[in-house]
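Raw contents of input_2.txt, compact mmCIF, C-alpha atoms and all ligand atoms:
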# COMPACT_ATOMS: atom_id res chain seq x y z
CA MET E 1 35.82 15.09 -1.30
CA THR E 2 33.42 17.73 -2.65
CA ALA E 3 31.16 15.53 -4.81
CA ALA E 4 27.52 16.66 -4.87
CA VAL E 5 24.88 14.51 -3.22
CA THR E 6 21.86 12.81 -4.78
CA ALA E 7 18.67 13.88 -3.00
CA PRO E 8 16.30 11.35 -1.40
CA SER E 9 13.94 9.99 -4.06
CA ALA E 10 11.19 12.47 -5.05
CA THR E 11 9.09 9.55 -6.30
CA LEU E 12 9.30 7.77 -2.95
CA ARG E 13 8.55 11.04 -1.17
CA ALA E 14 5.39 11.45 -3.28
CA GLU E 15 4.42 7.82 -2.58
CA ALA E 16 4.96 8.38 1.15
CA GLU E 17 2.86 11.57 1.04
CA ALA E 18 0.09 9.69 -0.73
CA ARG E 19 0.16 6.94 1.92
CA LEU E 20 0.12 9.55 4.71
CA ALA E 21 -2.91 11.21 3.12
CA ASP E 22 -4.64 7.80 2.97
CA LEU E 23 -4.01 6.87 6.64
CA ALA E 24 -7.08 6.43 8.84
CA THR E 25 -6.51 9.83 10.44
CA PRO E 26 -7.91 13.24 9.50
CA PRO E 27 -5.63 14.97 6.96
CA GLY E 28 -2.70 16.62 8.74
CA ALA E 29 -3.67 15.16 12.12
CA LEU E 30 -0.22 13.66 12.69
CA GLY E 31 1.39 17.09 12.32
CA ARG E 32 5.19 16.98 12.36
CA LEU E 33 5.11 13.21 12.92
CA GLY E 34 3.57 12.90 9.47
CA ASP E 35 6.28 15.09 7.89
CA LEU E 36 8.97 13.08 9.66
CA ALA E 37 7.46 9.82 8.50
CA VAL E 38 7.53 11.02 4.89
CA TRP E 39 11.16 12.12 5.28
CA VAL E 40 12.12 8.76 6.82
CA ALA E 41 10.42 6.82 4.01
CA ALA E 42 12.06 8.96 1.31
CA THR E 43 15.53 8.58 2.87
CA GLN E 44 15.02 4.82 3.25
CA GLY E 45 13.75 4.55 -0.32
CA GLN E 46 10.76 2.50 0.80
CA VAL E 47 7.06 3.01 1.46
CA PRO E 48 5.98 2.04 4.03
CA PRO E 49 9.21 2.77 5.88
CA ALA E 50 11.04 0.06 7.85
CA PRO E 51 11.22 0.37 11.66
CA ILE E 52 14.31 2.35 12.71
CA ASP E 53 16.06 -0.32 14.75
CA ARG E 54 19.73 0.51 14.31
CA VAL E 55 20.69 4.04 15.38
CA ARG E 56 24.39 4.70 15.93
CA ALA E 57 25.91 7.77 17.59
CA VAL E 58 29.56 8.75 17.26
CA ILE E 59 30.99 11.39 19.60
CA PHE E 60 33.91 13.31 18.11
CA ALA E 61 35.99 14.71 20.98
CA GLY E 62 38.61 17.41 20.84
CA ASP E 63 40.09 20.42 22.57
CA HIS E 64 40.32 23.98 21.32
CA GLY E 65 43.05 26.55 21.86
CA VAL E 66 40.41 29.18 22.60
CA SER E 67 39.58 27.41 25.86
CA ASP E 68 42.69 29.07 27.35
CA HIS E 69 41.19 32.50 26.49
CA GLY E 70 38.14 32.79 28.74
CA VAL E 71 35.44 31.52 26.35
CA SER E 72 34.11 28.71 28.54
CA ALA E 73 32.79 28.34 32.07
CA PHE E 74 34.87 25.14 32.43
CA PRO E 75 38.54 24.10 32.10
CA LYS E 76 39.69 21.90 29.26
CA ALA E 77 40.57 19.05 31.67
CA ILE E 78 36.83 18.28 31.53
CA THR E 79 37.20 17.00 27.95
CA PRO E 80 39.35 13.90 28.66
CA ALA E 81 37.40 13.32 31.89
CA MET E 82 34.16 13.21 29.88
CA VAL E 83 35.72 10.88 27.29
CA ARG E 84 36.30 8.46 30.16
CA THR E 85 32.72 9.06 31.35
CA PHE E 86 31.32 8.12 27.91
CA LEU E 87 33.42 4.97 28.02
CA ALA E 88 31.96 4.20 31.44
CA GLY E 89 28.44 4.75 30.07
CA ARG E 90 27.70 7.46 32.64
CA ALA E 91 27.33 10.69 30.56
CA GLY E 92 23.97 12.33 29.80
CA VAL E 93 23.92 10.90 26.29
CA SER E 94 24.87 7.46 27.62
CA VAL E 95 21.73 7.31 29.75
CA LEU E 96 19.46 8.41 26.89
CA ALA E 97 21.18 6.12 24.41
CA ALA E 98 20.91 3.09 26.71
CA GLN E 99 17.22 3.84 27.21
CA HIS E 100 16.58 4.11 23.46
CA GLY E 101 18.86 1.32 22.25
CA VAL E 102 21.31 3.64 20.48
CA SER E 103 24.96 2.57 20.23
CA VAL E 104 27.53 5.17 21.32
CA ARG E 105 31.11 5.26 20.09
CA VAL E 106 33.50 7.94 21.35
CA LEU E 107 36.55 8.96 19.33
CA ASP E 108 39.39 11.29 20.30
CA LEU E 109 40.22 13.44 17.29
CA GLY E 110 42.02 16.24 19.11
CA VAL E 111 41.82 15.98 22.89
CA ASP E 112 44.71 17.81 24.58
CA ASP E 113 45.60 14.75 26.65
CA ASP E 114 47.15 11.40 25.81
CA LEU E 115 44.21 9.54 27.36
CA ASP E 116 46.53 6.89 28.78
CA GLY E 117 44.81 3.61 29.40
CA VAL E 118 41.78 4.12 27.15
CA PRO E 119 41.22 1.44 24.49
CA ALA E 120 43.39 2.05 21.42
CA GLU E 121 40.38 2.30 19.11
CA VAL E 122 39.30 5.52 20.90
CA THR E 123 42.48 7.36 19.84
CA ALA E 124 42.99 5.56 16.50
CA PHE E 125 41.92 8.64 14.50
CA LYS E 126 43.66 11.26 16.65
CA VAL E 127 44.92 14.13 14.48
CA ARG E 128 46.64 16.27 17.14
CA ARG E 129 46.50 17.34 20.80
CA GLY E 130 44.25 20.41 20.81
CA SER E 131 43.39 22.58 17.80
CA GLY E 132 44.74 26.12 17.36
CA ALA E 133 43.27 29.19 19.08
CA ILE E 134 41.32 30.43 16.04
CA HIS E 135 41.52 34.17 16.82
CA LEU E 136 45.34 33.94 16.80
CA GLU E 137 46.21 31.11 14.42
CA ASP E 138 44.69 28.48 12.17
CA ALA E 139 42.91 25.64 13.93
CA LEU E 140 44.72 23.06 11.79
CA THR E 141 47.17 22.71 8.91
CA SER E 142 45.45 21.91 5.63
CA ASP E 143 46.90 18.40 5.79
CA GLU E 144 45.39 17.91 9.27
CA THR E 145 42.02 19.14 7.98
CA ARG E 146 42.07 16.59 5.17
CA ARG E 147 43.09 13.82 7.57
CA ALA E 148 40.29 14.74 9.96
CA ILE E 149 37.68 14.84 7.17
CA LEU E 150 38.92 11.47 5.91
CA ALA E 151 38.72 10.07 9.46
CA GLY E 152 35.06 11.13 9.64
CA GLU E 153 34.35 9.60 6.24
CA THR E 154 36.02 6.35 7.30
CA VAL E 155 34.04 6.19 10.53
CA ALA E 156 30.77 6.81 8.66
CA ALA E 157 31.61 3.97 6.28
CA GLU E 158 32.32 1.68 9.26
CA GLU E 159 29.04 2.58 10.97
CA ILE E 160 27.07 2.08 7.76
CA ALA E 161 28.80 -1.28 7.18
CA ALA E 162 27.75 -2.21 10.75
CA GLY E 163 24.14 -1.65 9.68
CA ALA E 164 23.32 1.90 10.78
CA GLN E 165 19.95 3.10 9.47
CA LEU E 166 20.30 6.49 11.15
CA LEU E 167 23.46 8.23 12.37
CA VAL E 168 24.05 10.83 15.08
CA SER E 169 27.19 12.96 15.27
CA GLY E 170 27.78 14.01 18.88
CA ASP E 171 30.54 16.20 20.28
CA MET E 172 32.64 16.72 23.38
CA GLY E 173 35.12 19.54 23.83
CA ILE E 174 35.41 22.43 26.23
CA GLY E 175 35.45 25.65 24.16
CA ASN E 176 33.87 24.08 21.08
CA THR E 177 30.88 26.43 20.91
CA THR E 178 33.40 29.11 19.85
CA PRO E 179 34.64 27.46 16.62
CA ALA E 180 31.07 26.24 15.97
CA ALA E 181 29.81 29.84 16.10
CA ALA E 182 32.72 31.02 13.93
CA LEU E 183 32.04 28.37 11.26
CA ILE E 184 28.37 29.34 11.14
CA ALA E 185 29.16 33.07 11.03
CA ALA E 186 31.72 32.57 8.25
CA SER E 187 29.49 30.25 6.21
CA PHE E 188 26.46 32.54 6.22
CA GLY E 189 28.10 35.95 6.48
CA LEU E 190 26.61 36.60 9.91
CA PRO E 191 28.14 38.94 12.51
CA ALA E 192 29.60 37.43 15.69
CA SER E 193 27.03 39.37 17.73
CA GLU E 194 24.23 37.24 16.23
CA VAL E 195 25.85 33.82 16.54
CA THR E 196 27.77 33.87 19.81
CA GLY E 197 26.13 32.24 22.83
CA ARG E 198 26.83 31.36 26.44
CA GLY E 199 27.93 27.75 25.84
CA THR E 200 28.39 26.03 29.20
CA GLY E 201 27.10 29.19 30.95
CA ILE E 202 29.47 32.17 30.78
CA ASP E 203 28.52 35.55 32.26
CA GLU E 204 27.84 38.82 30.42
CA ALA E 205 31.46 40.02 30.46
CA ALA E 206 32.79 36.70 29.15
CA LEU E 207 30.08 36.68 26.46
CA ALA E 208 31.25 40.11 25.24
CA ALA E 209 34.86 38.90 25.10
CA LYS E 210 33.85 35.65 23.36
CA THR E 211 31.85 37.63 20.77
CA ALA E 212 34.87 39.84 20.02
CA LEU E 213 37.08 36.73 19.75
CA VAL E 214 34.67 35.07 17.28
CA GLN E 215 34.59 38.23 15.14
CA HIS E 216 38.37 38.45 15.24
CA ALA E 217 38.69 34.83 14.13
CA VAL E 218 36.28 35.26 11.20
CA ASP E 219 38.04 38.48 10.14
CA ARG E 220 41.42 36.75 10.39
CA ALA E 221 40.22 33.94 8.09
CA GLY E 222 39.23 36.55 5.49
CA GLU E 223 38.56 35.31 1.98
CA ARG E 224 39.53 31.75 2.84
CA THR E 225 35.99 31.31 4.18
CA ALA E 226 34.82 30.98 0.55
CA ASP E 227 36.23 27.43 0.53
CA PRO E 228 34.87 24.82 2.98
CA VAL E 229 38.17 22.98 3.60
CA ASP E 230 39.99 26.29 4.13
CA THR E 231 37.19 27.41 6.46
CA LEU E 232 37.69 24.29 8.60
CA THR E 233 41.46 24.81 8.56
CA ALA E 234 41.17 28.42 9.71
CA LEU E 235 38.17 28.27 12.06
CA GLY E 236 37.31 24.66 12.83
CA SER E 237 39.12 21.88 14.68
CA ALA E 238 40.02 18.24 14.19
CA ASP E 239 36.78 17.07 15.81
CA LEU E 240 34.57 19.47 13.82
CA ALA E 241 36.26 18.57 10.52
CA ALA E 242 35.82 14.86 11.27
CA SER E 243 32.16 15.38 12.13
CA ALA E 244 31.67 17.29 8.85
CA GLY E 245 33.34 14.45 6.92
CA PHE E 246 31.19 11.92 8.76
CA MET E 247 27.95 13.67 7.82
CA ALA E 248 29.01 14.34 4.24
CA ALA E 249 29.89 10.66 3.80
CA ALA E 250 26.58 9.57 5.33
CA ALA E 251 24.66 11.81 2.92
CA ARG E 252 26.67 10.55 -0.06
CA ALA E 253 25.88 6.98 1.00
CA GLY E 254 22.19 7.85 1.37
CA VAL E 255 22.09 7.30 5.14
CA PRO E 256 20.11 9.89 7.14
CA VAL E 257 21.65 11.88 10.00
CA LEU E 258 19.87 13.20 13.10
CA LEU E 259 21.46 16.50 14.15
CA ASP E 260 22.16 17.63 17.71
CA GLY E 261 23.15 21.07 19.04
CA VAL E 262 25.34 23.88 17.80
CA ILE E 263 28.49 21.82 17.23
CA SER E 264 26.66 19.10 15.34
CA VAL E 265 24.80 21.71 13.29
CA ALA E 266 28.00 23.67 12.52
CA ALA E 267 29.49 20.41 11.24
CA ALA E 268 26.31 19.80 9.22
CA VAL E 269 26.68 23.24 7.62
CA MET E 270 30.26 22.34 6.68
CA ALA E 271 29.13 18.92 5.41
CA ASP E 272 26.58 20.63 3.16
CA ARG E 273 29.35 22.87 1.83
CA LEU E 274 31.72 19.92 1.28
CA ALA E 275 28.97 17.84 -0.32
CA PRO E 276 26.31 20.23 -1.68
CA GLY E 277 22.83 18.88 -1.10
CA ALA E 278 23.86 16.81 1.95
CA ALA E 279 21.34 18.69 4.14
CA ALA E 280 18.48 16.86 2.42
CA TRP E 281 19.65 13.80 4.40
CA PHE E 282 19.64 15.67 7.75
CA VAL E 283 16.85 16.09 10.29
CA ALA E 284 17.17 18.40 13.31
CA GLY E 285 16.73 16.53 16.60
CA HIS E 286 16.31 19.55 18.85
CA ARG E 287 16.70 23.29 19.24
CA SER E 288 19.71 24.24 21.37
CA THR E 289 19.84 27.47 23.36
CA GLU E 290 22.83 28.57 21.24
CA PRO E 291 21.70 31.28 18.78
CA ALA E 292 24.01 30.02 16.01
CA GLN E 293 22.25 26.67 16.02
CA SER E 294 18.78 28.14 15.33
CA LEU E 295 20.16 30.50 12.70
CA ALA E 296 21.96 27.68 10.91
CA LEU E 297 18.95 25.36 11.06
CA ASP E 298 16.87 28.11 9.42
CA LYS E 299 19.45 28.49 6.67
CA LEU E 300 19.48 24.73 6.10
CA GLY E 301 15.65 24.73 6.02
CA LEU E 302 15.39 22.43 9.06
CA GLU E 303 12.84 22.62 11.88
CA PRO E 304 13.86 20.92 15.15
CA VAL E 305 11.77 18.02 16.45
CA LEU E 306 12.26 18.95 20.13
CA ASP E 307 12.64 22.29 21.88
CA LEU E 308 13.55 21.49 25.48
CA GLY E 309 16.03 24.25 26.27
CA MET E 310 18.87 21.72 26.19
CA ARG E 311 22.51 22.73 25.73
CA LEU E 312 24.41 19.60 26.69
CA GLY E 313 25.83 18.49 23.35
CA GLU E 314 27.24 14.92 23.24
CA GLY E 315 24.50 14.04 20.74
CA SER E 316 22.00 14.10 23.62
CA GLY E 317 19.31 16.24 21.95
CA ALA E 318 19.44 14.05 18.86
CA VAL E 319 19.17 10.83 20.85
CA ALA E 320 16.25 12.31 22.82
CA ALA E 321 14.39 12.70 19.51
CA VAL E 322 14.94 9.09 18.37
CA PRO E 323 11.68 7.74 19.87
CA LEU E 324 9.68 10.33 17.90
CA LEU E 325 11.34 9.40 14.61
CA ARG E 326 10.65 5.75 15.41
CA SER E 327 7.01 6.56 16.16
CA ALA E 328 6.72 8.48 12.90
CA ALA E 329 8.00 5.53 10.86
CA LEU E 330 5.70 3.05 12.64
CA LEU E 331 2.64 5.28 12.20
CA LEU E 332 3.17 5.43 8.44
CA SER E 333 3.61 1.68 8.24
CA GLN E 334 1.07 0.38 10.77
CA VAL E 335 -1.97 2.71 10.82
CA ALA E 336 -4.87 1.40 8.73
CA LEU E 337 -5.58 3.03 5.38
CA LEU E 338 -8.81 4.97 4.75
CA SER E 339 -9.12 2.98 1.53
CA ASP E 340 -9.26 -0.23 3.62
CA LEU E 341 -12.04 0.97 5.96
CA HIS E 342 -15.41 -0.68 5.58
O1 LIG J 401 24.94 21.28 21.89
C1 LIG J 401 24.94 22.49 22.17
O2 LIG J 401 24.27 23.32 21.56
C2 LIG J 401 25.84 22.93 23.30
C3 LIG J 401 25.69 24.19 23.84
C4 LIG J 401 26.51 24.55 24.90
C5 LIG J 401 27.49 23.67 25.38
N1 LIG J 401 27.63 22.45 24.80
C6 LIG J 401 28.66 21.50 25.31
O3 LIG J 401 29.52 22.18 26.23
C7 LIG J 401 30.86 22.22 25.73
C8 LIG J 401 31.12 23.51 25.02
O4 LIG J 401 30.73 24.64 25.74
P1 LIG J 401 31.80 25.82 25.92
O5 LIG J 401 31.12 26.82 26.78
O6 LIG J 401 32.97 25.19 26.61
O7 LIG J 401 32.10 26.30 24.55
C9 LIG J 401 30.97 21.08 24.75
O8 LIG J 401 31.45 19.93 25.38
C10 LIG J 401 29.56 20.91 24.23
O9 LIG J 401 29.25 19.56 24.03
C11 LIG J 401 26.82 22.07 23.80
C1 LIG J 402 30.46 18.37 32.88
C2 LIG J 402 30.33 18.66 31.41
C3 LIG J 402 29.76 17.69 30.55
C4 LIG J 402 29.61 17.97 29.18
N1 LIG J 402 29.11 17.27 28.17
C5 LIG J 402 29.23 17.99 27.07
N2 LIG J 402 29.79 19.14 27.38
C6 LIG J 402 30.05 19.18 28.67
C7 LIG J 402 30.62 20.15 29.49
C8 LIG J 402 30.76 19.89 30.86
C9 LIG J 402 31.34 20.93 31.75
Mind turning this structure into C-alpha cells?
Ligand SMILES: O=C(O)c1ccc[n+]([C@@H]2O[C@H](COP(=O)([O-])O)[C@@H](O)[C@H]2O)c1
Ligand SMILES: Cc1cc2nc[nH]c2cc1C
Amino acid sequence: MTAAVTAPSATLRAEAEARLADLATPPGALGRLGDLAVWVAATQGQVPPAPIDRVRAVIFAGDHGVSDHGVSAFPKAITPAMVRTFLAGRAGVSVLAAQHGVSVRVLDLGVDDDLDGVPAEVTAFKVRRGSGAIHLEDALTSDETRRAILAGETVAAEEIAAGAQLLVSGDMGIGNTTPAAALIAASFGLPASEVTGRGTGIDEAALAAKTALVQHAVDRAGERTADPVDTLTALGSADLAASAGFMAAAARAGVPVLLDGVISVAAAVMADRLAPGAAAWFVAGHRSTEPAQSLALDKLGLEPVLDLGMRLGEGSGAVAAVPLLRSAALLLSQVALLSDLH
C-alpha cells in the first residue's frame, strides 16, 4: 500500500524536450503548452506523444459529519441529490465532460443516504453512511480507511483496464472542503488560518468557526498525522481515502492524473504520502479559490493550467483543462521540425 513510485522516464523527458526545441516555433513560444507536452510525452513513455483520446473521470461521493456543524452554506441532502444529477448527466462536470468526450463515473463511498433506486454499481464500494465529524471523532475506523483506499485502487485498475490514458478524480460531498483543508494542514504543518476557505460560500462568522473547527481536528489527531493512513482515519473520509488510493494506484501503474480543486488536491497530497513520488504523475488542471489548494499545489511543485476562479469541484476544473492538454500533445506531435524546414 505504501510502495514508492517510479518517476516518468527522464530519458523520454529529455527526448521530448529536444523535440520541443526543434519544433518550427521560436524557442519557448508555446509557453506552458510546451511544458505540458513534454510532461505528457514523458508520462506516456513516447515521443512524439499519442493523442489523448481516452480521459476518464471518477467522482467519489460522500458525506461528512462536520456538515452538521455549520461549515457549509448548504445542507447535506444536496450530496445524494447531486449523485442523481451526475447520473442524469446534468451536473456542471457532466456538461463539460460531454463536450470534451470525457467519461464520468460516479461512486458512492460514504453518502449519508441509501440512494434507493440508483444502479447497484454506484454503491458497490460504499464504506459507510457519512464519515465522522473530525473535530469530535475519527472520520473512519482504520479498517474502513483501508477498505476505502483499496476501493480507490480497484477503481483505478478498472479504469486503466478500460483504456484510460488520463484519469480525473472528482468529488461530491457537502462539507468536504473541511476535511480537505485539515488533511492539507496536517500534511504540511500549516495552521488552519492559512488553509481554511469559504467552500460553497460561507460568511465571515461561519469562516471563523470553520477555521477553529479545522484547527481543533488537526490538534485532536496529534502525532497520528505522521502516518498517511492514520491521517486519513483521523481527518479524512471514505471518499477522500478512496480518491487517494485511486491516484496512488494510477501513479504506480504509470497513468497520469489531472487534478481538480481542493478535495482532489488534498487526495493527491495523501496519494503522494501513501506512494512517495506519485506527484510526478499529476498535473494541476486549475486553481481553485480555496487557499489550501494553492498552498498544496505549491508544495507538490505543480502550477495550475487554468485560473478561472472556479470552486465547483466534481472534477470540473480538471475536465475544463482537458482540451489544453490535448492541444499540447498534438502540437508536439504535429508541428513541423526546424530540422525539416527547407
Ligand atoms: O473544488 C473546489 O476547490 C471546491 C471548492 C468549494 C466547494 N466545492 C464543492 O462544494 C462542496 C463542498 O463545499 P462545502 O462548503 O460544503 O465544504 C463539495 O461538493 C465540493 O465539490 C469544491
Ligand atoms: C448545488 C451544488 C452542486 C455541487 N457540486 C459540487 N458541489 C456542489 C455543491 C452544491 C450546493
message = Give me, as a list in words, all polymer residues having an atom no more than 8 Å from E:Leu20, counting only C-alpha atoms and skipping those fewer than 6 positions away in the same chain.
response =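 Everything that qualifies: Gly34, Val38 and Leu332 of chain E.
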key: atom CA of E:Gly285 to atom CA of E:Val58, distance in Å rounded to a single decimal   =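 Answer for the atom CA of E:Gly285 to atom CA of E:Val58 separation: 15.0 Å.
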Would you give me, as a tab-separated table, each residue of chain E having an atom within 6 Å of an atom of ligand LIG 402 (chain J), along with its shortest atom pair and that distance in Å to one decimal, using all atoms listed in the file and sorting by chain and residue number?
residue	atom	partner	partner_atom	distance
E:Phe74	CA	J:LIG402	C9	5.5
E:Met172	CA	J:LIG402	C5	5.2
E:Leu312	CA	J:LIG402	C5	5.1
E:Gly313	CA	J:LIG402	C5	5.1
E:Glu314	CA	J:LIG402	C5	5.3
Restricting the output to C-alpha atoms, write the selected residues as a PDB file, in the frame of the given file.
ATOM      1  CA  PHE E  74      34.870  25.140  32.430  1.00  0.00           C
ATOM      2  CA  MET E 172      32.640  16.720  23.380  1.00  0.00           C
ATOM      3  CA  LEU E 312      24.410  19.600  26.690  1.00  0.00           C
ATOM      4  CA  GLY E 313      25.830  18.490  23.350  1.00  0.00           C
ATOM      5  CA  GLU E 314      27.240  14.920  23.240  1.00  0.00           C
TER       6      GLU E 314
END
key: Which of E:Gly222, E:Gly254, E:Gly236, E:Gly173 sits closest to E:Glu144 [using all atoms listed in the file]   =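 Looking only at the distances to E:Glu144, the closest residue turns out to be E:Gly236.
Minimum distance to ligand LIG 401 (chain J) across E:Leu338, E:Val66, E:Ala278, E:Ala320 (counting all atoms listed in the file) occurs at E:Val66.
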